[in-house]
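A.B. asks: Contents of structure_32.txt (compact mmCIF, C-alpha atoms):
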# COMPACT_ATOMS: atom_id res chain seq x y z
CA MET A 201 0.00 0.00 0.00
CA ALA A 202 2.78 2.40 0.98
CA SER A 203 4.76 1.54 -2.17
CA LEU A 204 1.70 2.19 -4.33
CA LEU A 205 1.26 5.60 -2.72
CA PHE A 206 4.94 6.33 -3.25
CA LEU A 207 4.48 5.55 -6.95
CA LEU A 208 1.32 7.63 -7.27
CA LEU A 209 2.78 10.75 -5.69
CA PRO A 210 5.59 11.42 -8.20
CA PHE A 211 3.25 10.46 -11.05
CA LEU A 212 0.72 13.06 -9.90
CA LEU A 213 3.39 15.70 -9.33
CA LEU A 214 4.79 15.17 -12.82
CA THR A 215 1.55 15.06 -14.77
CA THR A 216 -0.44 17.81 -13.08
CA SER A 217 -0.11 21.52 -12.46
CA ALA A 218 -0.39 23.42 -9.21
CA GLN A 219 -2.42 26.12 -10.95
CA LYS A 220 -6.07 25.22 -11.35
CA LEU A 221 -7.89 27.37 -13.89
CA VAL A 222 -11.58 28.17 -13.72
CA GLY A 223 -13.89 30.00 -16.09
CA LEU A 224 -16.43 32.72 -15.45
CA HIS A 225 -18.92 32.46 -18.23
CA MET A 226 -20.53 35.76 -19.20
CA GLN A 227 -22.42 37.65 -21.83
CA VAL A 228 -21.54 41.02 -23.25
CA GLN A 229 -24.32 43.57 -23.18
CA ALA A 230 -25.55 44.44 -26.65
CA SER A 231 -25.24 48.13 -27.42
CA ALA A 232 -28.98 48.65 -27.85
CA GLY A 233 -30.44 46.03 -25.57
CA GLY A 234 -30.22 45.20 -21.93
CA VAL A 235 -30.99 42.28 -19.69
CA THR A 236 -34.17 40.61 -20.90
CA PRO A 237 -37.03 40.76 -18.42
CA GLN A 238 -37.71 37.65 -16.38
CA THR A 239 -40.70 36.56 -14.37
CA GLY A 240 -41.33 37.94 -10.92
CA GLU A 241 -41.42 41.38 -9.42
CA VAL A 242 -37.89 42.32 -10.46
CA GLU A 243 -37.61 43.30 -14.10
CA HIS A 244 -33.96 44.28 -14.23
CA ILE A 245 -31.02 44.35 -11.84
CA ALA A 246 -27.71 46.06 -12.44
CA VAL A 247 -24.70 46.46 -10.18
CA VAL A 248 -22.76 49.64 -10.87
CA MET A 249 -19.17 49.29 -9.77
CA THR A 250 -16.39 51.77 -9.09
CA PRO A 251 -12.99 50.80 -7.64
CA THR A 252 -14.20 51.81 -4.17
CA ALA A 253 -18.00 51.48 -4.11
CA LEU A 254 -20.95 49.48 -5.37
CA SER A 255 -24.58 50.29 -5.97
CA ILE A 256 -27.56 48.29 -7.16
CA ARG A 257 -30.06 49.64 -9.66
CA ALA A 258 -33.23 47.61 -9.74
CA ARG A 259 -36.36 48.06 -11.81
CA LEU A 260 -39.29 46.63 -9.87
CA LYS A 261 -42.96 46.14 -10.68
CA ARG A 262 -45.11 48.34 -8.48
CA THR A 263 -47.03 46.33 -5.93
CA ASP A 264 -49.29 49.22 -4.92
CA VAL A 265 -52.95 48.25 -5.42
CA ARG A 266 -53.53 51.52 -7.25
CA ALA A 267 -50.67 50.93 -9.68
CA SER A 268 -51.24 49.37 -13.08
CA ALA A 269 -49.74 45.98 -13.89
CA GLU A 270 -47.00 47.37 -16.14
CA GLU A 271 -46.00 50.23 -13.86
CA LEU A 272 -42.35 50.03 -12.83
CA GLU A 273 -40.28 51.86 -10.28
CA GLU A 274 -36.53 52.39 -10.40
CA ARG A 275 -34.72 51.87 -7.13
CA GLU A 276 -31.07 52.67 -6.44
CA ILE A 277 -29.49 50.96 -3.46
CA PRO A 278 -26.02 52.24 -2.53
CA ILE A 279 -23.65 49.78 -0.86
CA PRO A 280 -21.20 51.82 1.20
CA ALA A 281 -17.61 50.56 1.18
CA THR A 282 -16.06 49.06 4.29
CA ASP A 283 -12.57 49.68 5.64
CA ASP A 284 -11.40 46.60 3.72
CA GLY A 285 -12.71 47.91 0.39
CA LEU A 286 -15.79 46.79 -1.51
CA ASN A 287 -18.62 45.63 0.74
CA LEU A 288 -19.33 42.25 -0.87
CA LEU A 289 -21.33 40.90 2.06
CA GLY A 290 -23.57 43.97 2.00
CA LEU A 291 -24.02 43.52 -1.76
CA GLN A 292 -24.94 39.85 -1.36
CA GLU A 293 -27.41 40.67 1.41
CA LYS A 294 -29.28 43.17 -0.80
CA LEU A 295 -29.15 40.85 -3.80
CA ARG A 296 -30.52 38.01 -1.69
CA SER A 297 -33.54 40.14 -0.76
CA LEU A 298 -34.11 40.97 -4.45
CA LYS A 299 -33.77 37.28 -5.30
CA ALA A 300 -36.49 36.53 -2.77
CA LEU A 301 -38.81 38.89 -4.70
CA SER A 302 -38.04 37.19 -8.00
CA PRO A 303 -36.64 33.68 -7.48
CA LEU A 304 -36.62 32.84 -11.21
CA GLN A 305 -34.49 35.83 -12.13
CA GLN A 306 -31.09 34.53 -13.25
CA LYS A 307 -29.56 37.48 -15.05
CA ILE A 308 -27.78 40.48 -13.64
CA ALA A 309 -25.99 43.30 -15.41
CA LEU A 310 -22.59 44.24 -14.07
CA GLN A 311 -21.53 47.75 -15.04
CA PRO A 312 -17.97 48.50 -13.95
CA GLN A 313 -16.29 51.86 -14.45
CA ASP A 314 -13.28 51.94 -16.74
CA ASP A 315 -10.75 52.17 -13.88
CA VAL A 316 -11.97 49.02 -12.10
CA LEU A 317 -9.23 46.37 -12.13
CA ALA A 318 -9.70 42.83 -13.44
CA HIS A 319 -9.27 41.18 -10.03
CA GLN A 320 -11.95 43.46 -8.54
CA LEU A 321 -14.26 42.57 -11.42
CA VAL A 322 -13.77 38.84 -10.82
CA VAL A 323 -14.41 39.19 -7.08
CA VAL A 324 -17.69 41.02 -7.70
CA MET A 325 -18.68 38.53 -10.42
CA ASP A 326 -18.19 35.75 -7.87
CA ALA A 327 -20.23 37.67 -5.30
CA VAL A 328 -23.24 38.26 -7.57
CA ARG A 329 -23.31 34.67 -8.83
CA SER A 330 -23.70 32.98 -5.48
CA ASP A 331 -23.48 33.48 -1.73
CA ASN A 332 -23.31 31.08 1.19
CA GLN A 333 -27.03 30.28 0.80
CA GLY A 334 -26.75 29.22 -2.84
CA ASP A 335 -27.14 30.71 -6.29
CA LEU A 336 -28.01 34.39 -6.65
CA PHE A 337 -27.78 35.56 -10.26
CA PRO A 338 -25.53 33.12 -12.14
CA GLN A 339 -25.87 34.77 -15.57
CA VAL A 340 -23.71 37.87 -15.62
CA VAL A 341 -24.04 40.38 -18.45
CA LEU A 342 -21.08 42.74 -18.60
CA GLY A 343 -21.77 46.31 -19.61
CA GLN A 344 -20.41 49.76 -18.96
CA ALA A 345 -21.11 52.10 -16.08
CA PRO A 346 -23.51 54.89 -17.05
CA MET B 122 13.24 -29.13 10.41
CA ARG B 123 15.25 -26.03 11.16
CA ARG B 124 14.41 -22.92 9.29
CA LEU B 125 17.25 -21.46 7.28
CA LEU B 126 16.13 -17.91 7.72
CA PRO B 127 14.61 -16.67 10.89
CA ALA B 128 11.11 -15.27 10.45
CA ARG B 129 11.10 -11.47 10.34
CA ARG B 130 9.19 -10.02 13.13
CA CYS B 131 7.86 -6.50 13.08
CA SER B 132 8.16 -4.75 16.33
CA PRO B 133 4.98 -2.95 17.41
CA ALA B 134 6.83 0.37 17.16
CA SER B 135 7.87 -0.06 13.50
CA HIS B 136 4.35 -1.27 12.63
CA ALA B 137 2.93 1.92 14.12
CA VAL B 138 5.40 4.04 12.13
CA THR B 139 4.38 2.31 8.86
CA ILE B 140 0.69 2.89 9.57
CA SER B 141 1.20 6.56 10.34
CA MET B 142 3.35 7.00 7.20
CA VAL B 143 0.60 5.47 5.06
CA ASP B 144 -1.88 7.84 6.69
CA VAL B 145 0.33 10.83 5.94
CA LEU B 146 0.77 9.71 2.32
CA THR B 147 -2.96 9.18 1.92
CA VAL B 148 -3.69 12.69 3.21
CA LEU B 149 -1.00 14.10 0.91
CA LEU B 150 -2.46 12.22 -2.05
CA LEU B 151 -5.97 13.49 -1.36
CA PHE B 152 -4.63 17.04 -1.01
CA LEU B 153 -2.79 16.78 -4.33
CA LEU B 154 -5.81 15.33 -6.10
CA ARG B 155 -7.90 18.24 -4.83
CA ALA B 156 -5.42 21.07 -5.39
CA TYR B 157 -3.70 20.00 -8.58
CA SER B 158 -5.12 20.17 -12.03
CA THR B 159 -4.49 18.60 -15.40
CA ASP B 160 -4.96 21.98 -17.12
CA PRO B 161 -1.86 23.35 -18.81
CA PRO B 162 -0.37 26.12 -16.65
CA ALA B 163 -1.30 29.68 -17.62
CA SER B 164 2.11 30.59 -18.97
CA SER B 165 2.55 33.98 -20.53
CA GLU B 166 5.14 35.93 -22.50
CA ASP B 167 4.97 38.55 -19.76
CA PRO B 168 6.84 37.30 -16.66
CA GLY B 169 4.75 39.49 -14.34
CA PHE B 170 1.46 38.08 -15.63
CA GLU B 171 -0.88 36.96 -12.88
CA LEU B 172 -4.47 35.85 -13.25
CA PRO B 173 -7.20 37.09 -10.90
CA THR B 174 -8.41 34.63 -8.27
CA SER B 175 -11.95 33.29 -8.33
CA ALA B 176 -14.16 31.09 -6.18
CA SER B 177 -15.79 29.64 -9.31
CA LEU B 178 -15.59 25.88 -9.86
CA ASP B 179 -16.41 25.85 -13.58
CA PRO B 180 -13.64 24.17 -15.58
CA VAL B 181 -12.09 25.84 -18.61
CA ASP B 182 -12.47 24.01 -21.91
CA PRO B 183 -9.89 24.66 -24.63
CA ALA B 184 -10.82 27.45 -27.04
CA ARG B 185 -9.33 30.45 -28.81
CA THR B 186 -7.57 32.58 -26.24
CA ILE B 187 -6.95 36.29 -25.94
CA GLU B 188 -4.47 37.30 -23.28
CA ILE B 189 -4.22 40.84 -21.93
CA THR B 190 -0.98 41.49 -20.10
CA GLN B 191 0.51 44.74 -18.78
CA ASP B 192 2.58 44.89 -21.94
CA GLY B 193 0.45 43.70 -24.83
CA ILE B 194 -2.58 41.89 -26.18
CA TYR B 195 -1.85 38.35 -27.38
CA MET B 196 -3.98 36.02 -29.42
CA ASP B 197 -3.28 32.28 -29.32
CA GLY B 198 0.18 33.12 -27.94
CA ASN B 199 1.13 35.72 -30.58
CA ARG B 200 1.49 39.38 -29.65
CA ARG B 201 -0.90 41.54 -31.65
CA THR B 202 -0.65 45.02 -30.16
CA SER B 203 0.42 47.04 -27.14
CA THR B 204 -1.97 47.69 -24.29
CA GLN B 205 -0.68 51.22 -23.78
CA TRP B 206 -2.10 52.56 -27.04
CA TYR B 207 -5.61 51.29 -26.29
CA LEU B 208 -5.43 52.61 -22.74
CA GLU B 209 -4.56 56.08 -23.98
CA HIS B 210 -6.96 56.26 -26.92
CA SER B 211 -10.72 56.13 -26.92
CA GLU B 212 -11.10 53.70 -29.82
CA ASP B 213 -13.21 50.74 -28.69
CA LEU B 214 -12.45 48.28 -31.48
CA VAL B 215 -9.08 46.53 -31.18
CA ARG B 216 -8.43 46.26 -34.91
CA GLU B 217 -5.37 44.04 -34.56
CA ILE B 218 -7.44 41.18 -33.15
CA TYR B 219 -10.74 41.97 -34.89
CA THR B 220 -9.64 40.67 -38.28
CA ALA B 221 -8.22 37.46 -36.83
CA LEU B 222 -11.36 36.87 -34.74
CA GLN B 223 -13.60 37.38 -37.74
CA GLN B 224 -12.05 34.34 -39.37
CA SER B 225 -13.54 32.04 -36.75
CA PRO B 226 -16.73 33.62 -35.39
CA HIS B 227 -19.35 31.76 -33.35
CA GLU B 228 -16.70 29.74 -31.54
CA ARG B 229 -15.97 29.91 -27.85
CA LEU B 230 -13.48 32.49 -26.67
CA LEU B 231 -11.36 32.59 -23.52
CA VAL B 232 -10.14 35.94 -22.20
CA ARG B 233 -7.20 35.85 -19.80
CA ALA B 234 -6.55 39.27 -18.32
CA ASP B 235 -3.78 40.16 -15.89
CA ARG B 236 -5.24 40.91 -12.44
CA GLU B 237 -4.15 44.59 -12.68
CA THR B 238 -5.70 45.19 -16.12
CA PRO B 239 -8.15 48.12 -16.10
CA TYR B 240 -11.69 47.25 -17.17
CA ARG B 241 -11.38 49.85 -19.94
CA LEU B 242 -9.11 47.42 -21.80
CA VAL B 243 -11.13 44.28 -20.96
CA ARG B 244 -14.24 46.06 -22.21
CA LYS B 245 -12.57 46.93 -25.52
CA VAL B 246 -11.47 43.33 -26.06
CA LEU B 247 -14.97 42.04 -25.22
CA PHE B 248 -16.54 44.61 -27.54
CA THR B 249 -14.19 43.56 -30.34
CA ALA B 250 -15.02 39.87 -29.81
CA GLN B 251 -18.72 40.66 -29.83
CA GLN B 252 -18.40 42.66 -33.04
CA ALA B 253 -16.51 39.74 -34.60
CA GLY B 254 -19.43 37.41 -33.85
CA PHE B 255 -18.40 35.77 -30.58
CA SER B 256 -21.19 35.35 -28.07
CA ASP B 257 -19.78 32.61 -25.85
CA ILE B 258 -17.04 34.34 -23.88
CA THR B 259 -15.40 33.08 -20.70
CA LEU B 260 -13.15 35.07 -18.41
CA VAL B 261 -10.35 32.84 -17.12
CA ALA B 262 -9.24 33.05 -13.51
CA GLN B 263 -7.13 31.07 -11.11
CA SER B 264 -9.02 28.90 -8.67
CA ARG B 265 -8.79 29.79 -5.00
CA SER B 266 -7.84 26.19 -4.33
CA SER B 267 -4.68 26.51 -6.47
CA LEU B 268 -1.45 26.20 -4.56
Would you mind giving the structure from this file in structure tokens?
C.D. replies:
Amino acid sequence: MASLLFLLLPFLLLTTSAQKLVGLHMQVQASAGGVTPQTGEVEHIAVVMTPTALSIRARLKRTDVRASAEELEEREIPIPATDDGLNLLGLQEKLRSLKALSPLQQKIALQPQDDVLAHQLVVVMDAVRSDNQGDLFPQVVLGQAP
Amino acid sequence: MRRLLPARRCSPASHAVTISMVDVLTVLLLFLLRAYSTDPPASSEDPGFELPTSASLDPVDPARTIEITQDGIYMDGNRRTSTQWYLEHSEDLVREIYTALQQSPHERLLVRADRETPYRLVRKVLFTAQQAGFSDITLVAQSRSSL
């Protein structure tokens, strides 16, 4: 048994790499279109990203009894930064509450500013795709900050 | 009949050492199987190139690759242009890769950007790929479980 393990170890070390690569699948926002509406109360969600702050822009169906069925309201939810930088936990908490309003919604638009760095982009993409409770919005559409 | 060779006896101490060594090797093996990957390493012409780190678990399938380093934009390992020019100018279409991408549209595309690359440049590369007909684009990162 020990000899077999001794044989397997160098074989593994020689044939594999210590760097494991992963892919973040995404869509690029079309110039004219946006994120297609999904079922539920949330029509559209976008996360606007700067190197130091985040904010959510959500378009929600009005639930007021006096409102018509197609009436929408725009809501902007700022996520203040923490001392460590971007407040990813705060972002996930707000996104989780939006997900509860529209559980079938899968798409989210991510709109970073031009000076956001690639590693910050990847961290936020991870944060919007899932949290510790499960999937949030796994389909990320990359756009540009307004 | 007398035995020619005396039977080897394992002392309890050496038996315990063997068992613990097998345990250590088993743990090491499991760790290597979890942390190592059969993917080719993300080598780059730029020695300072470093991929961003992601918590994603989705594997990367081979496809056409665009690499954005601090120095230049590479396609399938060949340098096409410098990053500096596209950082300083407002032109969105990266012409040097647009023509080459147009020759194989509707395929999958991998984008490997250095972790310090500004989004301005990533956006231009994505825009160029989209204009060339690519819709299936994957951003490559290094797994958090990498050593």
A.B. asks: Please find the residues of chain B near chain A - the criterion being any atom within 9 Å, counting only C-alpha atoms - and write them as number ranges by chain.
C.D. replies: B: 139-140, 142-143, 146-147, 149-150, 153-154, 156-163, 172-182, 231, 234-244, 247-248, 251, 256-268
A.B. asks: With all atoms listed in the file as the atoms that count, which of B:Arg216, B:His136, B:Arg233, B:Lys245 lies nearest to Asp197 (chain B)?
C.D. replies: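 Using all atoms listed in the file, Asp197 (chain B) sits closest to B:Arg233.
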A.B. asks: Residues within 10 Å of Leu286 (chain A), please, as a PDB file with C-alpha atoms, keeping the file's coordinate frame. Count only C-alpha atoms; anything in the same chain fewer than 3 positions from it doesn't count.
C.D. replies:
ATOM      1  CA  MET A 249     -19.170  49.290  -9.770  1.00  0.00           C
ATOM      2  CA  THR A 250     -16.390  51.770  -9.090  1.00  0.00           C
ATOM      3  CA  PRO A 251     -12.990  50.800  -7.640  1.00  0.00           C
ATOM      4  CA  THR A 252     -14.200  51.810  -4.170  1.00  0.00           C
ATOM      5  CA  ALA A 253     -18.000  51.480  -4.110  1.00  0.00           C
ATOM      6  CA  LEU A 254     -20.950  49.480  -5.370  1.00  0.00           C
ATOM      7  CA  ILE A 279     -23.650  49.780  -0.860  1.00  0.00           C
ATOM      8  CA  PRO A 280     -21.200  51.820   1.200  1.00  0.00           C
ATOM      9  CA  ALA A 281     -17.610  50.560   1.180  1.00  0.00           C
ATOM     10  CA  THR A 282     -16.060  49.060   4.290  1.00  0.00           C
ATOM     11  CA  ASP A 283     -12.570  49.680   5.640  1.00  0.00           C
ATOM     12  CA  LEU A 289     -21.330  40.900   2.060  1.00  0.00           C
ATOM     13  CA  GLY A 290     -23.570  43.970   2.000  1.00  0.00           C
ATOM     14  CA  LEU A 291     -24.020  43.520  -1.760  1.00  0.00           C
ATOM     15  CA  GLN A 320     -11.950  43.460  -8.540  1.00  0.00           C
ATOM     16  CA  VAL A 323     -14.410  39.190  -7.080  1.00  0.00           C
ATOM     17  CA  VAL A 324     -17.690  41.020  -7.700  1.00  0.00           C
TER      18      VAL A 324
END
A.B. asks: Counting all atoms listed in the file, find residues at most 12 Å from (-31.2, 28.1, -4.0) (file frame) and give them as a list in words.
C.D. replies: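 So the residues meeting the distance criterion are Arg296, Lys299, Ala300, Pro303, Leu304, Gln305, Gln306, Arg329, Ser330, Asp331, Asn332, Gln333, Gly334, Asp335, Leu336, Phe337 and Pro338 of chain A.
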A.B. asks: Would you mind reading off the distance between CA of Arg259 (chain A) and CA of Val242 (chain A), one decimal, in Å?
C.D. replies: 6.1 Å
A.B. asks: Which residue is closest to Ile189 (chain B)? Choose from B:Val145, B:Ala253, B:Leu151, B:Leu208 and count all atoms listed in the file.
C.D. replies: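 The closest residue to Ile189 (chain B) is B:Leu208.
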A.B. asks: How many Å lie between CA of Ile187 (chain B) and CA of Leu230 (chain B), rounded to one decimal?
C.D. replies: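 Separating CA of Ile187 (chain B) from CA of Leu230 (chain B) is a distance of 7.6 Å.
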A.B. asks: Expressed in Å to a single decimal, how great is the separation between CA of Val232 (chain B) and CA of Ser203 (chain B)?
C.D. replies: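 Computed distance, CA of Val232 (chain B) to CA of Ser203 (chain B), equals 16.1 Å.
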A.B. asks: Any idea what's packed within 7 Å of region 223-227 of chain B, counting only C-alpha atoms, ignoring anything in its chain fewer than 2 positions away? Could you give it as a ChimeraX atom specification?
C.D. replies: /B:219-221,229,253-256
